[in-house]
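See below for structure06.pdb, which holds PDB, C-alpha atoms, pLDDT in the B column.
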ATOM      1  CA  MET A  60      30.791 -50.602 108.121  1.00 50.00           C
ATOM      2  CA  THR A  61      28.293 -48.287 106.444  1.00 54.00           C
ATOM      3  CA  THR A  62      29.301 -44.994 108.058  1.00 69.00           C
ATOM      4  CA  SER A  63      32.934 -44.036 108.168  1.00 85.00           C
ATOM      5  CA  LEU A  64      34.427 -43.431 111.581  1.00 92.00           C
ATOM      6  CA  THR A  65      35.378 -39.990 110.275  1.00 88.00           C
ATOM      7  CA  GLU A  66      31.684 -39.043 110.187  1.00 91.00           C
ATOM      8  CA  VAL A  67      30.798 -39.651 113.839  1.00 93.00           C
ATOM      9  CA  SER A  68      31.438 -37.861 117.117  1.00 93.00           C
ATOM     10  CA  ALA A  69      34.470 -38.599 119.271  1.00 94.00           C
ATOM     11  CA  ALA A  70      32.215 -40.439 121.732  1.00 95.00           C
ATOM     12  CA  ASP A  71      30.648 -42.597 119.031  1.00 95.00           C
ATOM     13  CA  ARG A  72      34.018 -43.238 117.378  1.00 96.00           C
ATOM     14  CA  HIS A  73      35.404 -44.456 120.700  1.00 97.00           C
ATOM     15  CA  ARG A  74      32.368 -46.651 121.289  1.00 96.00           C
ATOM     16  CA  ILE A  75      32.623 -48.261 117.827  1.00 96.00           C
ATOM     17  CA  ILE A  76      36.387 -48.796 118.012  1.00 97.00           C
ATOM     18  CA  ALA A  77      36.260 -50.031 121.624  1.00 97.00           C
ATOM     19  CA  ASP A  78      33.506 -52.497 120.689  1.00 97.00           C
ATOM     20  CA  GLY A  79      35.619 -53.759 117.777  1.00 96.00           C
ATOM     21  CA  PHE A  80      38.577 -54.209 120.108  1.00 97.00           C
ATOM     22  CA  ALA A  81      36.314 -56.033 122.595  1.00 97.00           C
ATOM     23  CA  GLU A  82      35.377 -58.482 119.825  1.00 97.00           C
ATOM     24  CA  GLU A  83      39.053 -59.221 119.296  1.00 97.00           C
ATOM     25  CA  VAL A  84      39.644 -59.594 123.055  1.00 97.00           C
ATOM     26  CA  ALA A  85      36.741 -62.045 123.268  1.00 97.00           C
ATOM     27  CA  ALA A  86      38.150 -64.044 120.329  1.00 97.00           C
ATOM     28  CA  VAL A  87      41.611 -64.580 121.847  1.00 97.00           C
ATOM     29  CA  GLN A  88      42.318 -68.263 122.374  1.00 96.00           C
ATOM     30  CA  ASP A  89      45.907 -67.950 123.624  1.00 97.00           C
ATOM     31  CA  TRP A  90      46.841 -64.954 125.766  1.00 97.00           C
ATOM     32  CA  ASP A  91      50.522 -65.851 125.426  1.00 97.00           C
ATOM     33  CA  ALA A  92      50.406 -65.809 121.619  1.00 97.00           C
ATOM     34  CA  PRO A  93      53.012 -63.552 120.005  1.00 97.00           C
ATOM     35  CA  THR A  94      51.855 -60.327 118.377  1.00 97.00           C
ATOM     36  CA  PRO A  95      53.278 -58.175 115.588  1.00 95.00           C
ATOM     37  CA  VAL A  96      54.606 -55.853 118.332  1.00 93.00           C
ATOM     38  CA  ASP A  97      58.118 -57.090 119.029  1.00 90.00           C
ATOM     39  CA  GLY A  98      58.311 -58.718 122.459  1.00 93.00           C
ATOM     40  CA  TRP A  99      54.580 -58.513 123.196  1.00 96.00           C
ATOM     41  CA  VAL A 100      52.070 -61.312 123.621  1.00 97.00           C
ATOM     42  CA  ALA A 101      48.312 -60.891 123.226  1.00 97.00           C
ATOM     43  CA  ARG A 102      47.785 -60.026 126.902  1.00 97.00           C
ATOM     44  CA  ASP A 103      50.345 -57.200 126.606  1.00 97.00           C
ATOM     45  CA  VAL A 104      48.264 -55.424 123.960  1.00 97.00           C
ATOM     46  CA  VAL A 105      45.285 -55.231 126.311  1.00 97.00           C
ATOM     47  CA  ALA A 106      47.468 -54.290 129.295  1.00 97.00           C
ATOM     48  CA  HIS A 107      49.073 -51.472 127.298  1.00 96.00           C
ATOM     49  CA  LEU A 108      45.705 -49.930 126.467  1.00 96.00           C
ATOM     50  CA  ILE A 109      44.478 -50.313 130.047  1.00 94.00           C
ATOM     51  CA  ASP A 110      47.585 -48.856 131.672  1.00 92.00           C
ATOM     52  CA  TRP A 111      49.068 -46.068 129.583  1.00 91.00           C
ATOM     53  CA  PHE A 112      45.998 -43.932 129.105  1.00 92.00           C
ATOM     54  CA  ALA A 113      45.072 -43.902 132.780  1.00 93.00           C
ATOM     55  CA  SER A 114      48.533 -42.477 133.478  1.00 92.00           C
ATOM     56  CA  PHE A 115      48.192 -40.012 130.601  1.00 92.00           C
ATOM     57  CA  LEU A 116      44.877 -38.683 131.917  1.00 95.00           C
ATOM     58  CA  ASP A 117      46.168 -38.590 135.490  1.00 94.00           C
ATOM     59  CA  ALA A 118      49.024 -36.309 134.376  1.00 93.00           C
ATOM     60  CA  GLY A 119      46.322 -33.874 133.253  1.00 94.00           C
ATOM     61  CA  GLY A 120      44.272 -34.160 136.432  1.00 94.00           C
ATOM     62  CA  VAL A 121      41.668 -36.668 135.229  1.00 94.00           C
ATOM     63  CA  GLN A 122      41.421 -39.926 137.125  1.00 93.00           C
ATOM     64  CA  LEU A 123      39.860 -43.126 135.893  1.00 94.00           C
ATOM     65  CA  PRO A 124      38.606 -45.857 138.204  1.00 94.00           C
ATOM     66  CA  ASN A 125      40.912 -48.837 138.467  1.00 91.00           C
ATOM     67  CA  ALA A 126      40.168 -51.553 135.947  1.00 90.00           C
ATOM     68  CA  PRO A 127      40.120 -55.232 136.881  1.00 93.00           C
ATOM     69  CA  SER A 128      43.419 -57.018 136.414  1.00 94.00           C
ATOM     70  CA  VAL A 129      44.294 -57.912 132.828  1.00 95.00           C
ATOM     71  CA  ALA A 130      46.150 -60.929 134.229  1.00 94.00           C
ATOM     72  CA  ASP A 131      42.915 -62.208 135.792  1.00 94.00           C
ATOM     73  CA  ASP A 132      40.392 -61.340 133.081  1.00 96.00           C
ATOM     74  CA  PRO A 133      41.459 -59.350 130.008  1.00 97.00           C
ATOM     75  CA  LEU A 134      37.896 -58.994 128.707  1.00 96.00           C
ATOM     76  CA  ALA A 135      36.517 -57.682 132.028  1.00 96.00           C
ATOM     77  CA  ALA A 136      39.459 -55.282 132.268  1.00 97.00           C
ATOM     78  CA  TRP A 137      38.829 -54.011 128.742  1.00 97.00           C
ATOM     79  CA  GLN A 138      35.081 -53.654 129.268  1.00 97.00           C
ATOM     80  CA  ALA A 139      35.626 -51.663 132.481  1.00 97.00           C
ATOM     81  CA  ARG A 140      38.226 -49.378 130.895  1.00 97.00           C
ATOM     82  CA  SER A 141      36.209 -48.705 127.737  1.00 96.00           C
ATOM     83  CA  ALA A 142      33.094 -48.027 129.834  1.00 97.00           C
ATOM     84  CA  ALA A 143      35.005 -45.510 131.974  1.00 96.00           C
ATOM     85  CA  ILE A 144      36.325 -43.737 128.871  1.00 97.00           C
ATOM     86  CA  GLY A 145      32.820 -43.774 127.408  1.00 96.00           C
ATOM     87  CA  GLU A 146      31.477 -42.094 130.550  1.00 96.00           C
ATOM     88  CA  LEU A 147      34.108 -39.362 130.196  1.00 95.00           C
ATOM     89  CA  LEU A 148      33.138 -38.790 126.574  1.00 95.00           C
ATOM     90  CA  ASP A 149      29.422 -38.775 127.325  1.00 95.00           C
ATOM     91  CA  GLY A 150      29.748 -36.570 130.400  1.00 93.00           C
ATOM     92  CA  PRO A 151      29.874 -32.803 130.812  1.00 91.00           C
ATOM     93  CA  SER A 152      33.655 -32.759 131.224  1.00 90.00           C
ATOM     94  CA  SER A 153      34.151 -33.947 127.639  1.00 92.00           C
ATOM     95  CA  ASN A 154      34.045 -30.343 126.441  1.00 92.00           C
ATOM     96  CA  SER A 155      36.309 -29.004 129.169  1.00 93.00           C
ATOM     97  CA  ALA A 156      39.965 -28.132 128.729  1.00 93.00           C
ATOM     98  CA  PHE A 157      42.449 -30.899 129.373  1.00 92.00           C
ATOM     99  CA  VAL A 158      46.015 -29.731 129.959  1.00 91.00           C
ATOM    100  CA  HIS A 159      48.766 -32.314 129.757  1.00 88.00           C
ATOM    101  CA  PRO A 160      52.390 -31.468 130.541  1.00 85.00           C
ATOM    102  CA  MET A 161      53.695 -33.129 127.365  1.00 84.00           C
ATOM    103  CA  VAL A 162      50.997 -32.465 124.749  1.00 86.00           C
ATOM    104  CA  GLY A 163      49.535 -29.158 125.852  1.00 86.00           C
ATOM    105  CA  GLU A 164      45.902 -28.150 125.991  1.00 90.00           C
ATOM    106  CA  HIS A 165      43.071 -29.927 124.204  1.00 92.00           C
ATOM    107  CA  ARG A 166      39.368 -30.323 124.705  1.00 94.00           C
ATOM    108  CA  LEU A 167      39.117 -33.543 126.763  1.00 94.00           C
ATOM    109  CA  ALA A 168      37.088 -35.327 124.061  1.00 95.00           C
ATOM    110  CA  ASP A 169      39.704 -34.378 121.456  1.00 94.00           C
ATOM    111  CA  ALA A 170      42.564 -35.628 123.641  1.00 94.00           C
ATOM    112  CA  VAL A 171      40.806 -38.974 124.105  1.00 95.00           C
ATOM    113  CA  ASP A 172      40.053 -39.179 120.404  1.00 94.00           C
ATOM    114  CA  GLN A 173      43.486 -38.184 119.150  1.00 91.00           C
ATOM    115  CA  PHE A 174      45.713 -40.001 121.598  1.00 91.00           C
ATOM    116  CA  TYR A 175      43.689 -42.974 122.805  1.00 95.00           C
ATOM    117  CA  THR A 176      40.942 -43.944 120.401  1.00 96.00           C
ATOM    118  CA  ALA A 177      43.408 -43.869 117.511  1.00 95.00           C
ATOM    119  CA  ASP A 178      45.749 -46.124 119.510  1.00 95.00           C
ATOM    120  CA  VAL A 179      42.941 -48.599 120.209  1.00 97.00           C
ATOM    121  CA  PHE A 180      42.153 -48.639 116.479  1.00 97.00           C
ATOM    122  CA  MET A 181      45.751 -49.478 115.566  1.00 96.00           C
ATOM    123  CA  HIS A 182      46.176 -52.068 118.328  1.00 97.00           C
ATOM    124  CA  THR A 183      42.982 -53.789 117.205  1.00 98.00           C
ATOM    125  CA  TRP A 184      44.982 -54.942 114.198  1.00 97.00           C
ATOM    126  CA  ASP A 185      47.788 -56.206 116.461  1.00 97.00           C
ATOM    127  CA  LEU A 186      45.474 -58.242 118.679  1.00 98.00           C
ATOM    128  CA  ALA A 187      43.537 -59.668 115.748  1.00 97.00           C
ATOM    129  CA  ALA A 188      46.756 -60.624 113.949  1.00 97.00           C
ATOM    130  CA  ALA A 189      47.981 -62.465 117.062  1.00 97.00           C
ATOM    131  CA  GLY A 190      44.969 -64.729 116.732  1.00 96.00           C
ATOM    132  CA  GLY A 191      45.269 -65.140 112.973  1.00 96.00           C
ATOM    133  CA  ARG A 192      42.251 -62.896 112.413  1.00 95.00           C
ATOM    134  CA  THR A 193      41.724 -59.880 110.168  1.00 93.00           C
ATOM    135  CA  PRO A 194      39.708 -57.125 111.845  1.00 92.00           C
ATOM    136  CA  ASP A 195      37.160 -55.045 109.951  1.00 91.00           C
ATOM    137  CA  LEU A 196      38.947 -51.691 110.240  1.00 96.00           C
ATOM    138  CA  ASP A 197      37.565 -48.577 108.541  1.00 96.00           C
ATOM    139  CA  PRO A 198      39.879 -47.737 105.615  1.00 96.00           C
ATOM    140  CA  VAL A 199      38.772 -44.086 105.524  1.00 95.00           C
ATOM    141  CA  PHE A 200      39.705 -43.614 109.184  1.00 95.00           C
ATOM    142  CA  ALA A 201      42.968 -45.522 108.617  1.00 96.00           C
ATOM    143  CA  GLN A 202      43.812 -43.100 105.809  1.00 95.00           C
ATOM    144  CA  ARG A 203      42.972 -40.122 108.022  1.00 95.00           C
ATOM    145  CA  LEU A 204      45.311 -41.413 110.729  1.00 95.00           C
ATOM    146  CA  LEU A 205      48.025 -42.098 108.192  1.00 95.00           C
ATOM    147  CA  ASP A 206      47.688 -38.608 106.690  1.00 94.00           C
ATOM    148  CA  GLY A 207      47.956 -37.031 110.137  1.00 92.00           C
ATOM    149  CA  MET A 208      50.916 -39.124 111.209  1.00 89.00           C
ATOM    150  CA  THR A 209      52.921 -38.756 108.013  1.00 88.00           C
ATOM    151  CA  GLY A 210      53.515 -35.068 108.688  1.00 86.00           C
ATOM    152  CA  ILE A 211      55.036 -35.800 112.097  1.00 83.00           C
ATOM    153  CA  GLU A 212      56.842 -39.007 111.211  1.00 82.00           C
ATOM    154  CA  GLU A 213      60.221 -37.920 112.576  1.00 83.00           C
ATOM    155  CA  LEU A 214      58.656 -36.949 115.910  1.00 80.00           C
ATOM    156  CA  LEU A 215      56.778 -40.253 116.130  1.00 80.00           C
ATOM    157  CA  ARG A 216      59.808 -42.378 115.318  1.00 81.00           C
ATOM    158  CA  SER A 217      62.061 -40.443 117.717  1.00 80.00           C
ATOM    159  CA  SER A 218      59.548 -41.021 120.530  1.00 77.00           C
ATOM    160  CA  GLY A 219      60.309 -44.735 120.466  1.00 76.00           C
ATOM    161  CA  GLN A 220      56.601 -45.506 120.146  1.00 77.00           C
ATOM    162  CA  TYR A 221      56.894 -46.630 116.523  1.00 83.00           C
ATOM    163  CA  GLY A 222      59.445 -48.826 114.836  1.00 83.00           C
ATOM    164  CA  PRO A 223      60.827 -48.237 111.378  1.00 89.00           C
ATOM    165  CA  ALA A 224      58.187 -48.208 108.663  1.00 91.00           C
ATOM    166  CA  VAL A 225      57.662 -51.506 106.863  1.00 95.00           C
ATOM    167  CA  PRO A 226      57.445 -51.043 103.091  1.00 95.00           C
ATOM    168  CA  VAL A 227      54.117 -51.987 101.519  1.00 95.00           C
ATOM    169  CA  ASP A 228      53.001 -52.086  97.908  1.00 93.00           C
ATOM    170  CA  ASP A 229      51.915 -48.767  96.432  1.00 87.00           C
ATOM    171  CA  ASP A 230      48.460 -50.211  95.773  1.00 94.00           C
ATOM    172  CA  ALA A 231      48.032 -51.545  99.341  1.00 96.00           C
ATOM    173  CA  ASP A 232      44.806 -50.596 101.075  1.00 96.00           C
ATOM    174  CA  PRO A 233      44.874 -47.806 103.698  1.00 96.00           C
ATOM    175  CA  VAL A 234      44.814 -50.228 106.633  1.00 97.00           C
ATOM    176  CA  ALA A 235      47.877 -52.088 105.315  1.00 97.00           C
ATOM    177  CA  ARG A 236      49.648 -48.774 104.640  1.00 96.00           C
ATOM    178  CA  LEU A 237      48.880 -47.587 108.189  1.00 96.00           C
ATOM    179  CA  VAL A 238      50.072 -50.878 109.665  1.00 96.00           C
ATOM    180  CA  GLY A 239      53.285 -50.618 107.668  1.00 96.00           C
ATOM    181  CA  PHE A 240      53.758 -46.981 108.671  1.00 94.00           C
ATOM    182  CA  ILE A 241      53.578 -47.803 112.387  1.00 93.00           C
ATOM    183  CA  GLY A 242      56.216 -50.493 111.963  1.00 92.00           C
ATOM    184  CA  ARG A 243      54.200 -53.656 111.494  1.00 93.00           C
ATOM    185  CA  ASP A 244      54.389 -56.050 108.580  1.00 95.00           C
ATOM    186  CA  PRO A 245      50.841 -56.288 107.163  1.00 95.00           C
ATOM    187  CA  ALA A 246      51.636 -59.872 106.093  1.00 94.00           C
ATOM    188  CA  TRP A 247      52.639 -60.879 109.654  1.00 95.00           C
ATOM    189  CA  ARG A 248      51.055 -64.115 110.845  1.00 91.00           C
ATOM    190  CA  PRO A 249      51.489 -65.973 114.123  1.00 89.00           C
TER     191      PRO A 249
END
Whole structure, structure tokens version:
Amino acid sequence: MTTSLTEVSAADRHRIIADGFAEEVAAVQDWDAPTPVDGWVARDVVAHLIDWFASFLDAGGVQLPNAPSVADDPLAAWQARSAAIGELLDGPSSNSAFVHPMVGEHRLADAVDQFYTADVFMHTWDLAAAGGRTPDLDPVFAQRLLDGMTGIEELLRSSGQYGPAVPVDDDADPVARLVGFIGRDPAWRP
């Protein structure tokens, strides 16, 4: 990666991260393979990203078209969902106010970027690990996410969305430190 994800627009960042996730979806050989997320198999990672954000946006009055079934075709479901998010980010509503009952008011593009694109980035590691792969994740963006999350660690952990941090070596790269922070063991293998 020649340009850091921190140097591009929210729309371009989503496009790059969604394309990277699509590569991992296309590489999956076993949709029932375990993942580093306790109790999830590979298909669950894709289903999570398809389902939760549609509900999140709906709570703020933004509706996405239904995606194809992850059970039937995870890649088609992912491609449809990422295309719909891309249309939001490229459209005129991207600069409009988005008000969510739990997270307050944000510019729509910022809400997508902060809450969804970052989640896709982190779950790219999970899906790749399930297949024994190592994704090419931007270490500068990983460090930015880690810096932002460290200040609200107690809130994140109390939400139930993140498990206990997994200790990593002090000299670990930013991606490994981020993975450990969100409760995954960077050395996890299927």
**Report entry** All residues 8 Å or closer to A:Asp185, only C-alpha atoms, same chain fewer than 2 positions away omitted, as a list in words
**Finding:**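 Contacts, with the query itself left out: Thr94, Pro95, Val96, Val104, Met181, His182, Thr183, Ala187, Ala188 and Ala189 of chain A.
The set of residues that the PyMOL selection byres ((chain A and resi 230-246) around 8) takes from this file is Pro95, Val96, Met181, Trp184, Leu196, Asp197, Pro198, Val199, Ala201, Gln202, Leu204, Leu205, Tyr221, Gly222, Pro223, Ala224, Val225, Pro226, Val227, Asp228, Asp229, Trp247 and Arg248 of chain A.
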Query - Interatomic distance, atom CA of A:Arg140 to atom CA of A:Phe180 (Å, one decimal) - result: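 A separation of 15.0 Å between them.
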Report task. Check which residues satisfy the PyMOL selection byres ((chain A and resi 63-77) around 10) in the file shown, then give them as a PyMOL selection string. Result -> chain A and resi 60-62+78-83+137-138+140-142+144-150+153+168-173+175-181+183+196-201+203
Report task. Take atom CA of A:Ala136 and atom CA of A:Val100 and report the distance between them in Å, one decimal. Result -> 16.4 Å
Requested in this report: Might you spell out which residues the PyMOL selection byres ((chain A and resi 113) around 12) would select in the displayed file, as a ChimeraX atom specification?
Outcome: /A:106-112,114-126,140-141,143-144,171,174-175
